[in-house]
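Notes follow once the structure below has been shown.
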Amino acid sequence: MPAQPADVLANLPTEGELLNEEKNARRLAESLKLPYFDLKEFRADPALFQAIPVDLMFRYTFVPIADEGDAVTVVTSDPANVTMLDELEAHLKRRVRVKVGARSAITEILKKSESSQRVLEEVSEDFRMQIVREDAQDGEEEVVSIEKLSEDTSPIIKLVDYTVFNALQRRASDVHVETGDNEVQIKYRIDGVLYPAMEPIDKRFHATIISRIKVMAELDIAEKRVPQDGRFKLKVKGRTVDFRVSIIPTIHGEDCVIRILDKESTSEEFKKLSLDVLGLEPELRRRIRRHAAEPYGMLLVTGPTGSGKTTTLYAILSEIQSGEFKMITIEDPVEYQLKGVTQIPVNEKKGLTFARGLRSILRHDPDKIMVGEIRDEETANIAIQSALTGHLVFTTVHANNVVDVLGRFLNMKVEPYNFVSALNCVLAQRLVRRICPNCREKVTYPDSVYEESNIPLEKARGVEVYEGKGCLDCNGTGFRGRMAIAELLDMSDNIRELIVNRRPSSEIKRAAREEGMVSLREAAVKCFLAGDTTLKEINKVTFVDEPIR
């Protein structure tokens with residue numbers, strides 16, 4: 001009996017078994033006088049994948065590799081399977097040419113294929129998500145199945161369920177529902193970039209899609225003229241995932257963004273969160289660790305929304321966490337759960353703001369405090385006073401670079417002397433996408449490209465640079481995952497004096513560079529020349545006209 005998708009993936013081989021499998025496949029190809037195909041070189045053709053039913057590929061364990069017009073070439077581990085060849089030729093109405101490959105390599109490709117993944121999930125586990133109500137009583141977590149909200153499960157409920165589920169599978173951070181003249185576009189933000197989730201949907205379904213999301217987030221379905229914000233939790237495959245919903249009215253109707261806060265599905269390397277997995281320079285990591293070990297003061301991380309500020313703070317906290325210290329955080333929302341750390345979620349509807357929560361935290365005698373974000377004058381002043389009275393405070397603020405932060409605080413009517421006395425350092429960071437390791441290839445740029453990007457030619461000459469070609473692993477984007485680039489401003493006596501005297505930001509920046517500060521642009525160029533990211537990517541997140549030393 002042909003293998004089913006769940007069976008195919010039940011027992012993946014070890015590395016040693018995989019080598020034996022490849023040897024056996026080569027012997028089989030040689031004995032049948034058929035070509036052997038090494039699937040490490042495989043590059044998926046999306047059109048060809050869509051032309052063949054996924055269940056057929058799973059049933060007979062094969063993948064198509066080339067469309068030659070009158071024939072299609074496939075790689076299989078069982079080239080003598082006449083039933084497979086007959087069924088495939090009948091479906092394609094063309095001849096099928098066969099090459100031999102290792103079974104587990106074929107299985108791995110099928111597992112990574114987006115459409116195959118969908119089928120696999122459907123057959124291997126009952127796909128049912130459940131809404132978890134926020135106001136459940138202690139000890140009785142109220143779970144409401146999505147299906148119970150309607151007498152019969154409508155196609156719209158299935159569409160929204162599938163959209164959210166697929167977003168989790170594809171590591172998306174946000175789901176965007178955008179309304180146009182005649183259609184609705186659903187997009188995923190993956191590694192900071194938007195990609196279409198599916199074909200555009202007819203505009204007549206727009207109202208029901210938005211209403212469905214509003215029901216999940218317990219928002220007012222009848223209100224369509226003002227922005228609304230809400231949140232909901234879903235149980236997916238036994239784990240709870242938090243979602244934040246923001247809905248705004250536009251000229252074509254309401255647009256929606258769902259932010260996914262999936263605490264339990266971080267990548268393997270992030271399971272043990274530390275500064276080492278963020279991609280920062282070794283010297284920068286050493287300096288950050290030195291500041292994190294200081295007895296009191298403030299460590300400030302800055303950058304735009306989605307630049308990884310909170311993740312960096314969590315990495316620092318996870319490294320310094322020990323039973324000797326009491327560590328308390330106040331966040332909106334709690335994105336990661338850290339063992340041994342007291343974490344408080346902000347709830348502005350119930351009156352728990354950053355300022356109010358921070359006041360209460362100080363009564364619990366903490367040694368280290370993390371404030372998710374400083375948004376107002378009151379929170380800023382309490383955080384500074386905490387840093388001055390023997391606490392080590394970790395916090396974030398929205399600003400473009402380390403010097404802009406200083407002006408931001410001074411505009412909050414913070415006393416400059418107290419501010420610079422409390423501040424230990426300022427870290428500004430951005431995220432750049434990493435080139436996919438499976439499809440990266442060497443590229444060559446003319447000198448004019450480096451000149452336009454303001455990169456000195458003497459730095460670029462003789463350096464090998466890369467771009468991603470696009471493969472199944474990276475969904476054809478050429479990128480997989482992101483890494484942090486950063487600039488760190490140490491608060492020396494000279495810098496403190498310039499801030500207290502309210503000197504221009506250009507003068508402070510010049511003094512910091514003279515003291516050895518590496519700018520964001522310089523850090524980005526270093527990543528590019530090291531082959532970790534692309535020139536286009538660094539030009540997107542840093543200013544090209546900034547001088548490079």
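Chain identifiers are assigned as A, B, and so on, following the order in which chains appear in the structure tokens; residues are numbered from 1 within each chain, and ligands are numbered from 1 in order of appearance.
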- Any idea what's packed within 7 Å of Val393 in chain A, counting only C-alpha atoms, ignoring anything in its chain fewer than 5 positions away? Could you give it as a ChimeraX atom specification? /A:297-299,368-370,387
May I have the residues from that selection written out with all heavy atoms, as a JSON list (two decimals), in the first residue's frame?
[["chain", "number", "residue", "atom", "x", "y", "z"],
["A", 297, "GLY", "N", 21.93, 51.76, 37.34],
["A", 297, "GLY", "CA", 21.97, 52.61, 36.16],
["A", 297, "GLY", "C", 20.92, 52.18, 35.14],
["A", 297, "GLY", "O", 20.04, 51.36, 35.44],
["A", 298, "MET", "N", 21.01, 52.73, 33.93],
["A", 298, "MET", "CA", 20.01, 52.44, 32.89],
["A", 298, "MET", "C", 20.69, 52.00, 31.60],
["A", 298, "MET", "O", 21.63, 52.66, 31.13],
["A", 298, "MET", "CB", 19.15, 53.68, 32.61],
["A", 298, "MET", "CG", 18.07, 53.45, 31.57],
["A", 298, "MET", "SD", 17.17, 54.97, 31.14],
["A", 298, "MET", "CE", 16.17, 55.18, 32.59],
["A", 299, "LEU", "N", 20.24, 50.88, 31.05],
["A", 299, "LEU", "CA", 20.68, 50.40, 29.74],
["A", 299, "LEU", "C", 19.52, 50.61, 28.79],
["A", 299, "LEU", "O", 18.46, 50.01, 28.95],
["A", 299, "LEU", "CB", 21.09, 48.93, 29.81],
["A", 299, "LEU", "CG", 21.82, 48.35, 28.61],
["A", 299, "LEU", "CD1", 22.69, 47.15, 29.02],
["A", 299, "LEU", "CD2", 20.89, 47.93, 27.49],
["A", 368, "LYS", "N", 16.86, 44.09, 39.42],
["A", 368, "LYS", "CA", 16.87, 44.45, 37.99],
["A", 368, "LYS", "C", 15.42, 44.66, 37.54],
["A", 368, "LYS", "O", 14.54, 43.86, 37.89],
["A", 368, "LYS", "CB", 17.49, 43.34, 37.14],
["A", 368, "LYS", "CG", 18.68, 42.61, 37.76],
["A", 368, "LYS", "CD", 19.95, 43.38, 37.66],
["A", 368, "LYS", "CE", 21.13, 42.57, 38.20],
["A", 368, "LYS", "NZ", 22.36, 43.34, 38.30],
["A", 369, "ILE", "N", 15.21, 45.70, 36.76],
["A", 369, "ILE", "CA", 13.86, 46.02, 36.27],
["A", 369, "ILE", "C", 13.92, 46.19, 34.76],
["A", 369, "ILE", "O", 14.83, 46.84, 34.24],
["A", 369, "ILE", "CB", 13.33, 47.34, 36.89],
["A", 369, "ILE", "CG1", 13.32, 47.26, 38.42],
["A", 369, "ILE", "CG2", 11.94, 47.68, 36.37],
["A", 369, "ILE", "CD1", 13.10, 48.61, 39.08],
["A", 370, "MET", "N", 12.95, 45.61, 34.06],
["A", 370, "MET", "CA", 12.83, 45.87, 32.63],
["A", 370, "MET", "C", 11.50, 46.58, 32.38],
["A", 370, "MET", "O", 10.45, 46.06, 32.76],
["A", 370, "MET", "CB", 12.89, 44.59, 31.82],
["A", 370, "MET", "CG", 12.62, 44.81, 30.34],
["A", 370, "MET", "SD", 12.71, 43.29, 29.39],
["A", 370, "MET", "CE", 11.41, 43.55, 28.20],
["A", 387, "ALA", "N", 16.88, 54.10, 38.47],
["A", 387, "ALA", "CA", 18.28, 53.85, 38.11],
["A", 387, "ALA", "C", 19.23, 54.58, 39.06],
["A", 387, "ALA", "O", 20.34, 54.10, 39.33],
["A", 387, "ALA", "CB", 18.53, 54.29, 36.67]]
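Near range 442-458 of chain A, within 10 Å and counting only C-alpha atoms, sit Val463, Glu464, Val465, Tyr466, Glu467, Gly468, Lys469, Arg521, Glu522, Val525, Gly531, Leu535, Lys536, Ile538, Asn539, Phe543, Val544, Asp545, Glu546, Pro547, Ile548 and Arg549 of chain A; same-chain residues fewer than 5 positions away were not included.
Using only C-alpha atoms, the shortest contact distance between Val541 in chain A and any of A:Leu520, A:Val403, A:Leu529, A:Ala207 is found at A:Leu520.
Proximity to range 23-36 of chain A at 7 Å, evaluated using only C-alpha atoms and with sequence-adjacent residues fewer than 5 positions away removed, yields Ser77, Lys99, Val100, Gly101 and Ala102 of chain A.
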Select from range 313-374 of chain A every residue with an atom at most 12 Å from any atom of range 222-240 of chain A, then for each give the shortest pair of atoms and their distance in Å to one decimal, using only C-alpha atoms, rows by chain and rising number, as CSV.
residue,atom,partner,partner_atom,distance
A:Asp332,CA,A:Arg231,CA,11.8
A:Pro333,CA,A:Arg231,CA,10.4
A:Asn347,CA,A:Arg231,CA,11.5
A:Glu348,CA,A:Gly230,CA,11.9
A:Lys349,CA,A:Gly230,CA,10.7
What would the file look like if the residues just selected were written as a JSON list (two decimals), in the first residue's frame with N, CA and C atoms?
[["chain", "number", "residue", "atom", "x", "y", "z"],
["A", 332, "ASP", "N", 4.19, 45.39, 27.38],
["A", 332, "ASP", "CA", 2.92, 45.46, 26.66],
["A", 332, "ASP", "C", 3.09, 44.91, 25.25],
["A", 333, "PRO", "N", 2.79, 43.63, 25.02],
["A", 333, "PRO", "CA", 2.46, 42.58, 25.98],
["A", 333, "PRO", "C", 3.73, 41.82, 26.36],
["A", 347, "ASN", "N", -2.10, 46.63, 31.24],
["A", 347, "ASN", "CA", -3.52, 46.53, 30.90],
["A", 347, "ASN", "C", -4.14, 47.92, 31.09],
["A", 348, "GLU", "N", -4.05, 48.73, 30.03],
["A", 348, "GLU", "CA", -4.48, 50.13, 30.15],
["A", 348, "GLU", "C", -5.99, 50.24, 30.37],
["A", 349, "LYS", "N", -6.76, 49.28, 29.85],
["A", 349, "LYS", "CA", -8.22, 49.31, 30.05],
["A", 349, "LYS", "C", -8.57, 49.19, 31.54]]
- Message: Report as a PyMOL selection string all protein, DNA and RNA residues lying within 9 Å of Tyr417 in chain A, evaluated on only C-alpha atoms, omitting residues in the same chain fewer than 6 positions from it.
- Response: chain A and resi 496+499-500
Would you write out those residues with N, CA, C and O atoms, as a PDB file, in the first residue's frame?
ATOM      1  N   ARG A 496      28.842  62.898  28.679  1.00  0.00           N
ATOM      2  CA  ARG A 496      27.910  63.396  29.707  1.00  0.00           C
ATOM      3  C   ARG A 496      27.942  64.923  29.789  1.00  0.00           C
ATOM      4  O   ARG A 496      26.914  65.582  29.882  1.00  0.00           O
ATOM      5  N   ILE A 499      26.096  66.556  26.878  1.00  0.00           N
ATOM      6  CA  ILE A 499      24.634  66.458  26.992  1.00  0.00           C
ATOM      7  C   ILE A 499      24.104  67.467  28.014  1.00  0.00           C
ATOM      8  O   ILE A 499      23.118  68.167  27.765  1.00  0.00           O
ATOM      9  N   VAL A 500      24.772  67.551  29.176  1.00  0.00           N
ATOM     10  CA  VAL A 500      24.335  68.487  30.216  1.00  0.00           C
ATOM     11  C   VAL A 500      24.389  69.923  29.703  1.00  0.00           C
ATOM     12  O   VAL A 500      23.523  70.746  29.995  1.00  0.00           O
TER      13      VAL A 500
END
- Could you check which of A:Ile210, A:Asp67, A:Ala105, A:Val175 is closest to Gly192 in chain A, using only C-alpha atoms? A:Val175
If we count only C-alpha atoms, what is near Ile213 in chain A at a cut-off of 9 Å, once residues fewer than 5 positions away on the same chain are taken out, given as a short mmCIF file (atom, residue, chain, number, x, y, z; two decimals) with all heavy atoms, in the first residue's frame?
data_model
loop_
_atom_site.label_atom_id
_atom_site.label_comp_id
_atom_site.auth_asym_id
_atom_site.auth_seq_id
_atom_site.Cartn_x
_atom_site.Cartn_y
_atom_site.Cartn_z
N VAL A 160 -10.46 32.47 7.48
CA VAL A 160 -9.71 33.18 8.53
C VAL A 160 -8.87 32.19 9.33
O VAL A 160 -7.71 32.45 9.64
CB VAL A 160 -10.67 33.98 9.44
CG1 VAL A 160 -9.90 34.61 10.60
CG2 VAL A 160 -11.39 35.07 8.65
N THR A 208 -17.55 40.45 5.82
CA THR A 208 -17.66 39.25 6.66
C THR A 208 -16.30 38.81 7.21
O THR A 208 -16.21 38.31 8.33
CB THR A 208 -18.30 38.09 5.88
OG1 THR A 208 -17.70 38.00 4.58
CG2 THR A 208 -19.79 38.29 5.73
N GLU A 218 -13.34 40.31 20.12
CA GLU A 218 -14.39 40.90 20.95
C GLU A 218 -14.50 42.42 20.74
O GLU A 218 -14.55 43.21 21.67
CB GLU A 218 -14.13 40.59 22.44
CG GLU A 218 -14.18 39.10 22.74
CD GLU A 218 -14.00 38.81 24.22
OE1 GLU A 218 -13.18 39.48 24.87
OE2 GLU A 218 -14.69 37.92 24.71
N LEU A 219 -14.52 42.83 19.47
CA LEU A 219 -14.68 44.23 19.11
C LEU A 219 -16.12 44.48 18.65
O LEU A 219 -16.88 43.54 18.43
CB LEU A 219 -13.69 44.62 18.01
CG LEU A 219 -12.21 44.46 18.36
CD1 LEU A 219 -11.34 44.77 17.16
CD2 LEU A 219 -11.82 45.35 19.53
N VAL A 245 -4.96 42.79 17.54
CA VAL A 245 -5.71 43.19 16.35
C VAL A 245 -5.86 44.70 16.33
O VAL A 245 -6.20 45.32 17.34
CB VAL A 245 -7.11 42.54 16.34
CG1 VAL A 245 -7.94 43.02 15.16
CG2 VAL A 245 -6.99 41.02 16.32
N CYS A 256 -7.22 45.75 8.37
CA CYS A 256 -6.93 45.07 9.63
C CYS A 256 -5.49 44.55 9.63
O CYS A 256 -4.99 44.09 8.59
CB CYS A 256 -7.90 43.90 9.82
SG CYS A 256 -7.54 42.85 11.23
N ILE A 258 -3.19 41.92 12.09
CA ILE A 258 -3.13 40.99 13.23
C ILE A 258 -1.67 40.74 13.54
O ILE A 258 -0.93 40.20 12.71
CB ILE A 258 -3.84 39.66 12.91
CG1 ILE A 258 -5.29 39.89 12.48
CG2 ILE A 258 -3.78 38.72 14.10
CD1 ILE A 258 -5.98 38.64 11.96
#
- Do you know which residues are at most 8 Å from Thr302 in chain A counting only C-alpha atoms, after dropping those on the same chain fewer than 2 positions away, and could you put them as a list in words? Leu300, Pro304, Lys309, Thr396, Val397, His398, Ala399, Asn400, Asn401, Val402, Val405, Val426, Leu427, Ala428 and Gln429 of chain A
Could you give me, as a PDB file with N, CA, C and O atoms, in the first residue's frame, each residue of range 387-472 of chain A that DSSP assigns to strand (DSSP E) when run on this structure's backbone?
ATOM      1  N   LEU A 392      19.152  48.405  38.528  1.00  0.00           N
ATOM      2  CA  LEU A 392      19.612  48.354  37.136  1.00  0.00           C
ATOM      3  C   LEU A 392      18.368  48.266  36.255  1.00  0.00           C
ATOM      4  O   LEU A 392      17.594  47.307  36.360  1.00  0.00           O
ATOM      5  N   VAL A 393      18.154  49.281  35.421  1.00  0.00           N
ATOM      6  CA  VAL A 393      16.923  49.384  34.625  1.00  0.00           C
ATOM      7  C   VAL A 393      17.245  49.134  33.155  1.00  0.00           C
ATOM      8  O   VAL A 393      18.159  49.760  32.595  1.00  0.00           O
ATOM      9  N   PHE A 394      16.506  48.219  32.534  1.00  0.00           N
ATOM     10  CA  PHE A 394      16.608  47.960  31.101  1.00  0.00           C
ATOM     11  C   PHE A 394      15.320  48.481  30.459  1.00  0.00           C
ATOM     12  O   PHE A 394      14.224  48.147  30.913  1.00  0.00           O
ATOM     13  N   THR A 395      15.448  49.271  29.408  1.00  0.00           N
ATOM     14  CA  THR A 395      14.230  49.807  28.799  1.00  0.00           C
ATOM     15  C   THR A 395      14.458  50.149  27.334  1.00  0.00           C
ATOM     16  O   THR A 395      15.598  50.127  26.844  1.00  0.00           O
ATOM     17  N   THR A 396      13.373  50.478  26.632  1.00  0.00           N
ATOM     18  CA  THR A 396      13.448  50.849  25.214  1.00  0.00           C
ATOM     19  C   THR A 396      12.718  52.158  24.995  1.00  0.00           C
ATOM     20  O   THR A 396      11.856  52.550  25.781  1.00  0.00           O
ATOM     21  N   VAL A 397      13.082  52.820  23.906  1.00  0.00           N
ATOM     22  CA  VAL A 397      12.381  54.036  23.493  1.00  0.00           C
ATOM     23  C   VAL A 397      12.490  54.116  21.974  1.00  0.00           C
ATOM     24  O   VAL A 397      13.456  53.618  21.388  1.00  0.00           O
ATOM     25  N   LEU A 423      22.170  57.148  33.115  1.00  0.00           N
ATOM     26  CA  LEU A 423      22.372  56.386  31.875  1.00  0.00           C
ATOM     27  C   LEU A 423      23.762  55.750  31.816  1.00  0.00           C
ATOM     28  O   LEU A 423      24.779  56.437  31.987  1.00  0.00           O
ATOM     29  N   ASN A 424      23.814  54.440  31.600  1.00  0.00           N
ATOM     30  CA  ASN A 424      25.088  53.734  31.419  1.00  0.00           C
ATOM     31  C   ASN A 424      25.492  53.674  29.952  1.00  0.00           C
ATOM     32  O   ASN A 424      26.658  53.836  29.609  1.00  0.00           O
ATOM     33  N   CYS A 425      24.523  53.372  29.077  1.00  0.00           N
ATOM     34  CA  CYS A 425      24.819  53.275  27.650  1.00  0.00           C
ATOM     35  C   CYS A 425      23.514  53.323  26.856  1.00  0.00           C
ATOM     36  O   CYS A 425      22.432  53.097  27.406  1.00  0.00           O
ATOM     37  N   VAL A 426      23.646  53.615  25.550  1.00  0.00           N
ATOM     38  CA  VAL A 426      22.503  53.583  24.638  1.00  0.00           C
ATOM     39  C   VAL A 426      22.865  52.673  23.469  1.00  0.00           C
ATOM     40  O   VAL A 426      23.928  52.838  22.851  1.00  0.00           O
ATOM     41  N   LEU A 427      22.000  51.702  23.176  1.00  0.00           N
ATOM     42  CA  LEU A 427      22.207  50.781  22.055  1.00  0.00           C
ATOM     43  C   LEU A 427      21.123  51.040  21.018  1.00  0.00           C
ATOM     44  O   LEU A 427      19.933  50.940  21.327  1.00  0.00           O
ATOM     45  N   ALA A 428      21.520  51.403  19.801  1.00  0.00           N
ATOM     46  CA  ALA A 428      20.557  51.568  18.701  1.00  0.00           C
ATOM     47  C   ALA A 428      20.724  50.399  17.751  1.00  0.00           C
ATOM     48  O   ALA A 428      21.859  50.012  17.430  1.00  0.00           O
ATOM     49  N   GLN A 429      19.610  49.806  17.299  1.00  0.00           N
ATOM     50  CA  GLN A 429      19.750  48.629  16.445  1.00  0.00           C
ATOM     51  C   GLN A 429      18.722  48.579  15.324  1.00  0.00           C
ATOM     52  O   GLN A 429      17.695  49.260  15.355  1.00  0.00           O
ATOM     53  N   ARG A 430      19.038  47.771  14.327  1.00  0.00           N
ATOM     54  CA  ARG A 430      18.147  47.461  13.210  1.00  0.00           C
ATOM     55  C   ARG A 430      18.261  45.959  12.945  1.00  0.00           C
ATOM     56  O   ARG A 430      19.206  45.310  13.385  1.00  0.00           O
ATOM     57  N   LEU A 431      17.306  45.428  12.178  1.00  0.00           N
ATOM     58  CA  LEU A 431      17.372  44.032  11.756  1.00  0.00           C
ATOM     59  C   LEU A 431      17.570  43.985  10.248  1.00  0.00           C
ATOM     60  O   LEU A 431      16.906  44.710   9.502  1.00  0.00           O
ATOM     61  N   VAL A 432      18.488  43.150   9.796  1.00  0.00           N
ATOM     62  CA  VAL A 432      18.667  42.911   8.359  1.00  0.00           C
ATOM     63  C   VAL A 432      18.457  41.423   8.092  1.00  0.00           C
ATOM     64  O   VAL A 432      18.762  40.580   8.939  1.00  0.00           O
ATOM     65  N   ARG A 433      17.933  41.106   6.929  1.00  0.00           N
ATOM     66  CA  ARG A 433      17.672  39.705   6.593  1.00  0.00           C
ATOM     67  C   ARG A 433      18.968  38.987   6.228  1.00  0.00           C
ATOM     68  O   ARG A 433      19.828  39.536   5.542  1.00  0.00           O
ATOM     69  N   ARG A 434      19.093  37.746   6.698  1.00  0.00           N
ATOM     70  CA  ARG A 434      20.248  36.916   6.360  1.00  0.00           C
ATOM     71  C   ARG A 434      20.035  36.254   5.006  1.00  0.00           C
ATOM     72  O   ARG A 434      18.922  35.823   4.688  1.00  0.00           O
ATOM     73  N   ILE A 435      21.091  36.126   4.238  1.00  0.00           N
ATOM     74  CA  ILE A 435      21.021  35.380   2.976  1.00  0.00           C
ATOM     75  C   ILE A 435      20.770  33.910   3.293  1.00  0.00           C
ATOM     76  O   ILE A 435      21.387  33.349   4.204  1.00  0.00           O
ATOM     77  N   ARG A 440      22.504  30.525  -1.534  1.00  0.00           N
ATOM     78  CA  ARG A 440      23.312  31.723  -1.754  1.00  0.00           C
ATOM     79  C   ARG A 440      24.357  31.462  -2.826  1.00  0.00           C
ATOM     80  O   ARG A 440      24.901  30.358  -2.941  1.00  0.00           O
ATOM     81  N   GLU A 441      24.636  32.475  -3.615  1.00  0.00           N
ATOM     82  CA  GLU A 441      25.638  32.338  -4.673  1.00  0.00           C
ATOM     83  C   GLU A 441      26.436  33.637  -4.790  1.00  0.00           C
ATOM     84  O   GLU A 441      25.929  34.725  -4.495  1.00  0.00           O
ATOM     85  N   LYS A 442      27.652  33.498  -5.235  1.00  0.00           N
ATOM     86  CA  LYS A 442      28.556  34.641  -5.335  1.00  0.00           C
ATOM     87  C   LYS A 442      28.090  35.577  -6.448  1.00  0.00           C
ATOM     88  O   LYS A 442      27.674  35.128  -7.513  1.00  0.00           O
ATOM     89  N   VAL A 443      28.171  36.887  -6.188  1.00  0.00           N
ATOM     90  CA  VAL A 443      27.829  37.883  -7.213  1.00  0.00           C
ATOM     91  C   VAL A 443      28.950  38.911  -7.295  1.00  0.00           C
ATOM     92  O   VAL A 443      29.763  39.040  -6.373  1.00  0.00           O
ATOM     93  N   VAL A 465      31.104  38.707  -2.216  1.00  0.00           N
ATOM     94  CA  VAL A 465      29.774  39.048  -1.697  1.00  0.00           C
ATOM     95  C   VAL A 465      28.743  38.113  -2.339  1.00  0.00           C
ATOM     96  O   VAL A 465      28.981  37.540  -3.410  1.00  0.00           O
ATOM     97  N   TYR A 466      27.578  37.988  -1.690  1.00  0.00           N
ATOM     98  CA  TYR A 466      26.619  36.966  -2.092  1.00  0.00           C
ATOM     99  C   TYR A 466      25.192  37.520  -2.164  1.00  0.00           C
ATOM    100  O   TYR A 466      24.871  38.554  -1.581  1.00  0.00           O
ATOM    101  N   GLU A 467      24.354  36.782  -2.902  1.00  0.00           N
ATOM    102  CA  GLU A 467      22.909  37.008  -2.901  1.00  0.00           C
ATOM    103  C   GLU A 467      22.230  35.642  -2.904  1.00  0.00           C
ATOM    104  O   GLU A 467      22.834  34.646  -3.305  1.00  0.00           O
ATOM    105  N   GLY A 468      20.986  35.592  -2.443  1.00  0.00           N
ATOM    106  CA  GLY A 468      20.232  34.339  -2.454  1.00  0.00           C
ATOM    107  C   GLY A 468      19.462  34.187  -3.752  1.00  0.00           C
ATOM    108  O   GLY A 468      18.785  35.125  -4.191  1.00  0.00           O
TER     109      GLY A 468
END
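Closest to Val334 in chain A among A:Phe243, A:Ile316, A:Glu254, A:Pro366 is A:Phe243, based on only C-alpha atoms.
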- Can you list, as a ChimeraX atom specification, every protein, DNA or RNA residue that comes within 8 Å of Tyr314 in chain A when you count only C-alpha atoms, leaving out same-chain residues fewer than 6 positions away? /A:273-274,336
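Nearest to Lys326 in chain A of all the residues A:Ile52, A:Ala355, A:Ile361, A:Ala71 is A:Ile361, counting only C-alpha atoms.
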- From A:Phe479, A:Phe165, A:Phe62, A:Tyr296, residue lying nearest Cys436 in chain A [only C-alpha atoms]: A:Phe479
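Nearest residue to Glu335 in chain A among A:Arg94, A:Arg259, A:Arg482, A:Arg59 is A:Arg259, counting only C-alpha atoms.
What separates CA of Val72 in chain A from CA of Arg95 in chain A is a distance of 6.5 Å.
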